[in-house]
Amino acid sequence: MTRGSVRRDRHEVMRPGDPAPPPHRLSSPVPRTGGRTLAALVSDRDRHRFTGRVSELAFLESCLGDDPPASIVLVCGPGGIGKSALLRELARRADARGWDVFRVDGRELAPQSGALETALATVRHSDRPLLLIDSFERMTALGGYLRGELLPALPSSSLVVISGRGAPDPAWFADGWEGAARLLDLGELPRRDALRLLQAHGVTDEYAPAIAGWAGGSPLALALAADAVRSGADWDPAAGMDQPEILRSLIHRLVDDCDTDGVRMSALGVAAIVRVTTPGLLAAVLPDSDAEAAYERLCSFTFTEPLGDGLALHELVRKALHADLARRDRERERELRRRIIDHLYERTRHGDLLLLIDMAHLVEAPAIRWGFGWEGSISYRIDNLRPGDAERVVQLLHERRFGEWWELTGRFFAQAPERVAVVRDLGEQLQGYLVCMTPATAPAWADEDPLTGPWLAHARQHARLGDSVLWHDSVDFTGSARNGLQAMLGMAGVLRSGTRNPRFAYLPIDPSNLEALAFAHAVGAQHLPDLDLEIAGRRIECHRIDYGPGGLFAAIRRVVYAELGLPAPDEPESGPAGRDPAEVRAEVREALRNFAVPHELARSPLARGTGPQERAESVRRLLREAAEHAFGDSANEKLLRDVLIKGYLDPGPSHEHAAMRLSLSRAAYFRRLRTAVGRVAEHVAGSRLVDEG
């Protein structure tokens, strides 16, 4: 391996003196307890309760030596066997030996191309990097990319440890990788280690032997049993239980005990519903509780583990707890889910588009999850175009007797590849693709496309209401309705579109695809027959989703509310026609920069009308009118207006020429130009000009 580009991400083990990592998107400042952060408390407890795995750790530590037996270690085993705990212990030991530790968790990667590269962008700056990739079963589709591109570019001193459920892909032990990779299969804990683990959790000799015999070497079962015994639950391990009753029974006992042990069940319920729990989330969702104390108590459970800037329940436990909560106290579960979606929705107003993933996690309707979600990232990944992808798409379209469609799609592959994304499987084979755009990001010639041309014109007629995302293609070649691939195409299309919170979505739907029709019906899409296209004897229907004035974020919240049996929540207007003022201001600035470029003005969301010329002139009229009303009558105000006119509305050869004509220094001119542009943008965003045209 040679030097490449990966960076220490937010999951790493920090070394003394390092700057703090950026906050997790669900987090708020972590409260402190007695001068120590809760994060430090979690780490200390995790360190103290780890025990066992002596031989496995000895091998891993030998890989940190000068003559390592392996540069890549693949740790595998079933859920609850202790893979994540082993990686955390290795991270601590490597950190103590001066290694730089970088960590990625498959549960945290968004289904976007480049997500892993973004998470690991600066490893090349380390001379001794340890890269830990956990929950690899959630990102196994990246295996080919890791072997083909990322790992070969790492420094030769690197150690990479990848942990996941099930046996690793045989490709890890072929084509030369067999000389660098080793398999570490985690099995049951030996009885001696099981007893040590129970002792570390405070279980006395009175109970430990019986629990160790009953748990069968499962660290998760041992931990749950230890929690049950320490809480005082009346449970006799000698009675025995079979899976899955082990988890179910112990979880029930722990849930029963939570209220009497100083932790409200609501905090555990929140953790069972969301992907990641943070003190900030608990404080927002449970405003009347002591969020810090509740979070600290959650940290003490053996079935929680650090994730991002918060914690996550072990997935087996989380699902069991959520089901148990819904069964025992449906009203409480519904209320918690409502508060969680409200909190996430409020946070979207700060512009974090990736919160879509966390919000979509709360939607239960199968028909909607078919077309929008990210569960498919376990087996697939979104990627940019590579050589040979176009030829493969042509082949797959012909195999499905729809080769004529390439006449429309091919131009995007050749001339606008940034609008295309493909889906690859575990073997790096292309299994689907999308072509997606907005009126602002569509290539100029897309207006000539027989499908998107009429759609773009229709979207621009309604641009005053909000942005639109248009899928020219959203094609799943697998033919499976349950693998999550189609949902990834929906999620990735929005994330790649460039719009923060679209109002409309235009979907190409084959009416013979019943799942697609069910999705369109579930999200309230309207069929627009005038925008349908018939090609080669097939009809592609145009279904448009109107997410409402609050856009996609508000629509997801409405779906969750509807599933909870609640009336639609109030959605305050956010600007002209419900649009975000920040977006309008950005559009005004962009339009001013393109004032002399008609085809760019015609693509602006501010434009109205049908033809390019009419649309461009509508933007110019809007900006001229704003310039007339955005300034006062004082000498300084008149100068600001003159600077705007000479700089953009009636420009000279250059800004320097405009400054000279106004008898201003270059610095004074640009300072006033920024002020004038901001004034016009604020005027348009705060007025009804966008509505009235």
# chains A, B, ... in the order shown; residues from 1 in each chain; ligands from 1
$ residues_around --residues "A:Ala658" --least-positions-apart "4" --cutoff "10 Å" --atoms "only C-alpha atoms" --output "list in words"
Asp642, Val643, Leu644, Ile645, Lys646, Gly647, Tyr648, Asp650, Pro651, Gly652, Pro653, Ser654, Leu662, Ser663, Leu664, Arg666 and Tyr669 of chain A
$ write_last_selection --atoms "N, CA, C and O atoms" --output "compact mmCIF listing (two decimals), in the first residue's frame"
# COMPACT_ATOMS: atom_id res chain seq x y z
N ASP A 642 -26.67 53.07 -7.67
CA ASP A 642 -25.84 53.28 -8.85
C ASP A 642 -24.77 52.19 -8.97
O ASP A 642 -24.45 51.73 -10.08
N VAL A 643 -24.20 51.79 -7.83
CA VAL A 643 -23.19 50.72 -7.86
C VAL A 643 -23.81 49.43 -8.38
O VAL A 643 -23.21 48.72 -9.20
N LEU A 644 -25.03 49.11 -7.94
CA LEU A 644 -25.71 47.91 -8.41
C LEU A 644 -25.96 47.98 -9.92
O LEU A 644 -25.74 47.01 -10.66
N ILE A 645 -26.42 49.13 -10.38
CA ILE A 645 -26.73 49.27 -11.81
C ILE A 645 -25.45 49.16 -12.64
O ILE A 645 -25.41 48.41 -13.63
N LYS A 646 -24.41 49.89 -12.23
CA LYS A 646 -23.16 49.85 -13.01
C LYS A 646 -22.47 48.49 -12.89
O LYS A 646 -21.74 48.07 -13.79
N GLY A 647 -22.68 47.80 -11.77
CA GLY A 647 -22.03 46.51 -11.59
C GLY A 647 -22.74 45.36 -12.27
O GLY A 647 -22.08 44.42 -12.78
N TYR A 648 -24.10 45.41 -12.32
CA TYR A 648 -24.83 44.26 -12.84
C TYR A 648 -25.93 44.60 -13.85
O TYR A 648 -26.03 43.96 -14.89
N ASP A 650 -26.61 47.36 -15.69
CA ASP A 650 -26.14 48.03 -16.92
C ASP A 650 -24.63 48.10 -16.85
O ASP A 650 -24.03 49.18 -16.73
N PRO A 651 -23.96 46.97 -16.93
CA PRO A 651 -22.53 46.90 -16.61
C PRO A 651 -21.65 47.46 -17.72
O PRO A 651 -22.02 47.48 -18.89
N GLY A 652 -20.47 47.89 -17.31
CA GLY A 652 -19.45 48.30 -18.26
C GLY A 652 -18.55 47.12 -18.60
O GLY A 652 -18.88 45.96 -18.32
N PRO A 653 -17.39 47.39 -19.17
CA PRO A 653 -16.47 46.31 -19.55
C PRO A 653 -15.99 45.48 -18.37
O PRO A 653 -15.67 44.30 -18.53
N SER A 654 -15.90 46.12 -17.17
CA SER A 654 -15.38 45.40 -16.01
C SER A 654 -15.82 46.13 -14.76
O SER A 654 -16.28 47.28 -14.79
N LEU A 662 -17.66 55.69 -11.16
CA LEU A 662 -18.33 56.17 -9.95
C LEU A 662 -17.38 56.89 -9.01
O LEU A 662 -17.77 57.28 -7.90
N SER A 663 -16.13 57.04 -9.43
CA SER A 663 -15.10 57.73 -8.63
C SER A 663 -14.90 57.06 -7.28
O SER A 663 -14.80 57.72 -6.23
N LEU A 664 -14.86 55.75 -7.29
CA LEU A 664 -14.65 54.97 -6.08
C LEU A 664 -13.39 54.15 -6.21
O LEU A 664 -13.02 53.71 -7.31
N ARG A 666 -11.27 50.70 -5.71
CA ARG A 666 -11.70 49.33 -5.96
C ARG A 666 -12.30 48.70 -4.70
O ARG A 666 -13.35 48.05 -4.75
N TYR A 669 -15.69 50.26 -3.91
CA TYR A 669 -16.70 49.82 -4.88
C TYR A 669 -17.22 48.43 -4.52
O TYR A 669 -18.45 48.21 -4.46
$ residues_around --residues "A:Val523" --least-positions-apart "5" --cutoff "10 Å" --atoms "only C-alpha atoms" --output "list in words"
Ala367, Ile368, Gly371, Ala518, Arg544, Ile545, Asp546, Tyr547, Ala555, Ile556 and Val559 of chain A
$ write_last_selection --atoms "N, CA, C and O atoms" --output "mmCIF file, in the first residue's frame"
data_model
loop_
_atom_site.group_PDB
_atom_site.id
_atom_site.type_symbol
_atom_site.label_atom_id
_atom_site.label_comp_id
_atom_site.auth_asym_id
_atom_site.auth_seq_id
_atom_site.Cartn_x
_atom_site.Cartn_y
_atom_site.Cartn_z
ATOM 1 N N ALA A 367 -44.885 0.721 1.445
ATOM 2 C CA ALA A 367 -44.979 1.290 0.096
ATOM 3 C C ALA A 367 -44.070 2.495 -0.063
ATOM 4 O O ALA A 367 -43.458 2.697 -1.117
ATOM 5 N N ILE A 368 -43.940 3.311 0.980
ATOM 6 C CA ILE A 368 -43.062 4.484 0.915
ATOM 7 C C ILE A 368 -41.607 4.063 1.050
ATOM 8 O O ILE A 368 -40.733 4.566 0.334
ATOM 9 N N GLY A 371 -39.645 3.174 -2.093
ATOM 10 C CA GLY A 371 -39.111 4.184 -3.002
ATOM 11 C C GLY A 371 -38.259 5.250 -2.371
ATOM 12 O O GLY A 371 -37.722 6.108 -3.077
ATOM 13 N N ALA A 518 -47.867 1.957 -6.427
ATOM 14 C CA ALA A 518 -48.227 1.984 -5.006
ATOM 15 C C ALA A 518 -47.463 3.075 -4.271
ATOM 16 O O ALA A 518 -48.018 3.764 -3.399
ATOM 17 N N ARG A 544 -46.298 13.618 -10.459
ATOM 18 C CA ARG A 544 -45.655 14.701 -9.716
ATOM 19 C C ARG A 544 -46.115 14.691 -8.266
ATOM 20 O O ARG A 544 -47.312 14.663 -7.976
ATOM 21 N N ILE A 545 -45.127 14.704 -7.364
ATOM 22 C CA ILE A 545 -45.418 14.819 -5.942
ATOM 23 C C ILE A 545 -45.335 16.288 -5.554
ATOM 24 O O ILE A 545 -44.344 16.959 -5.857
ATOM 25 N N ASP A 546 -46.361 16.776 -4.908
ATOM 26 C CA ASP A 546 -46.318 18.111 -4.317
ATOM 27 C C ASP A 546 -46.160 17.922 -2.815
ATOM 28 O O ASP A 546 -47.091 17.516 -2.117
ATOM 29 N N TYR A 547 -44.957 18.184 -2.313
ATOM 30 C CA TYR A 547 -44.692 17.994 -0.892
ATOM 31 C C TYR A 547 -45.330 19.069 -0.026
ATOM 32 O O TYR A 547 -45.347 18.951 1.202
ATOM 33 N N ALA A 555 -43.059 17.048 4.452
ATOM 34 C CA ALA A 555 -43.865 15.926 3.974
ATOM 35 C C ALA A 555 -43.551 14.650 4.747
ATOM 36 O O ALA A 555 -44.459 13.874 5.081
ATOM 37 N N ILE A 556 -42.269 14.405 5.028
ATOM 38 C CA ILE A 556 -41.911 13.216 5.812
ATOM 39 C C ILE A 556 -42.533 13.312 7.203
ATOM 40 O O ILE A 556 -43.052 12.323 7.743
ATOM 41 N N VAL A 559 -46.105 12.334 7.003
ATOM 42 C CA VAL A 559 -46.285 10.887 6.871
ATOM 43 C C VAL A 559 -46.223 10.220 8.237
ATOM 44 O O VAL A 559 -47.050 9.367 8.576
#
$ residues_around --residues "A:Arg503" --least-positions-apart "3" --cutoff "10 Å" --atoms "only C-alpha atoms" --output "MDAnalysis selection string"
chainID A and resid 462:463 465:469 499:500 545:555 578:579
$ residues_around --residues "A:Gly403" --least-positions-apart "6" --cutoff "8 Å" --atoms "only C-alpha atoms" --output "PyMOL selection string"
chain A and resi 394-395+397
$ residues_around --residues "A:Thr348" --least-positions-apart "3" --cutoff "12 Å" --atoms "only C-alpha atoms" --output "MDAnalysis selection string"
chainID A and resid 25:26 341:345 351:359 500:501 550:554 556:557 580
$ residues_around --residues "stretch 589-605 of chain A" --least-positions-apart "4" --cutoff "8 Å" --atoms "only C-alpha atoms" --output "list of chain:residue names"
A:Pro439, A:Ala440, A:Ala444, A:Arg460, A:Ala463, A:Arg464, A:Gly466, A:Asp467, A:Arg585, A:Pro612, A:Gln613, A:Glu614, A:Arg615, A:Ala616, A:Glu617, A:Val619, A:Arg620, A:Leu623, A:Tyr648, A:Leu649, A:Val677, A:Gly678, A:Ala681
$ residues_around --residues "A:Gly498" --least-positions-apart "3" --cutoff "8 Å" --atoms "only C-alpha atoms" --output "list in words"
Thr438, Thr441, Val494 and Leu495 of chain A
$ write_last_selection --atoms "all heavy atoms" --output "mmCIF file, in the first residue's frame"
data_model
loop_
_atom_site.group_PDB
_atom_site.id
_atom_site.type_symbol
_atom_site.label_atom_id
_atom_site.label_comp_id
_atom_site.auth_asym_id
_atom_site.auth_seq_id
_atom_site.Cartn_x
_atom_site.Cartn_y
_atom_site.Cartn_z
ATOM 1 N N THR A 438 -32.486 19.308 -11.324
ATOM 2 C CA THR A 438 -33.430 20.369 -10.995
ATOM 3 C C THR A 438 -33.440 21.339 -12.170
ATOM 4 O O THR A 438 -32.560 21.282 -13.038
ATOM 5 C CB THR A 438 -33.009 21.125 -9.724
ATOM 6 O OG1 THR A 438 -31.811 21.876 -10.009
ATOM 7 C CG2 THR A 438 -32.749 20.167 -8.567
ATOM 8 N N THR A 441 -30.025 22.847 -12.337
ATOM 9 C CA THR A 441 -28.852 22.024 -12.640
ATOM 10 C C THR A 441 -28.984 21.235 -13.932
ATOM 11 O O THR A 441 -28.039 20.564 -14.341
ATOM 12 C CB THR A 441 -28.579 21.037 -11.489
ATOM 13 O OG1 THR A 441 -29.704 20.163 -11.326
ATOM 14 C CG2 THR A 441 -28.324 21.783 -10.194
ATOM 15 N N VAL A 494 -32.357 12.837 -4.388
ATOM 16 C CA VAL A 494 -32.572 14.080 -3.647
ATOM 17 C C VAL A 494 -31.246 14.606 -3.110
ATOM 18 O O VAL A 494 -30.932 15.798 -3.221
ATOM 19 C CB VAL A 494 -33.575 13.862 -2.500
ATOM 20 C CG1 VAL A 494 -33.671 15.117 -1.641
ATOM 21 C CG2 VAL A 494 -34.944 13.505 -3.047
ATOM 22 N N LEU A 495 -30.436 13.717 -2.522
ATOM 23 C CA LEU A 495 -29.174 14.159 -1.925
ATOM 24 C C LEU A 495 -28.221 14.729 -2.965
ATOM 25 O O LEU A 495 -27.413 15.604 -2.664
ATOM 26 C CB LEU A 495 -28.508 12.989 -1.194
ATOM 27 C CG LEU A 495 -29.238 12.465 0.045
ATOM 28 C CD1 LEU A 495 -28.535 11.226 0.594
ATOM 29 C CD2 LEU A 495 -29.331 13.529 1.113
#
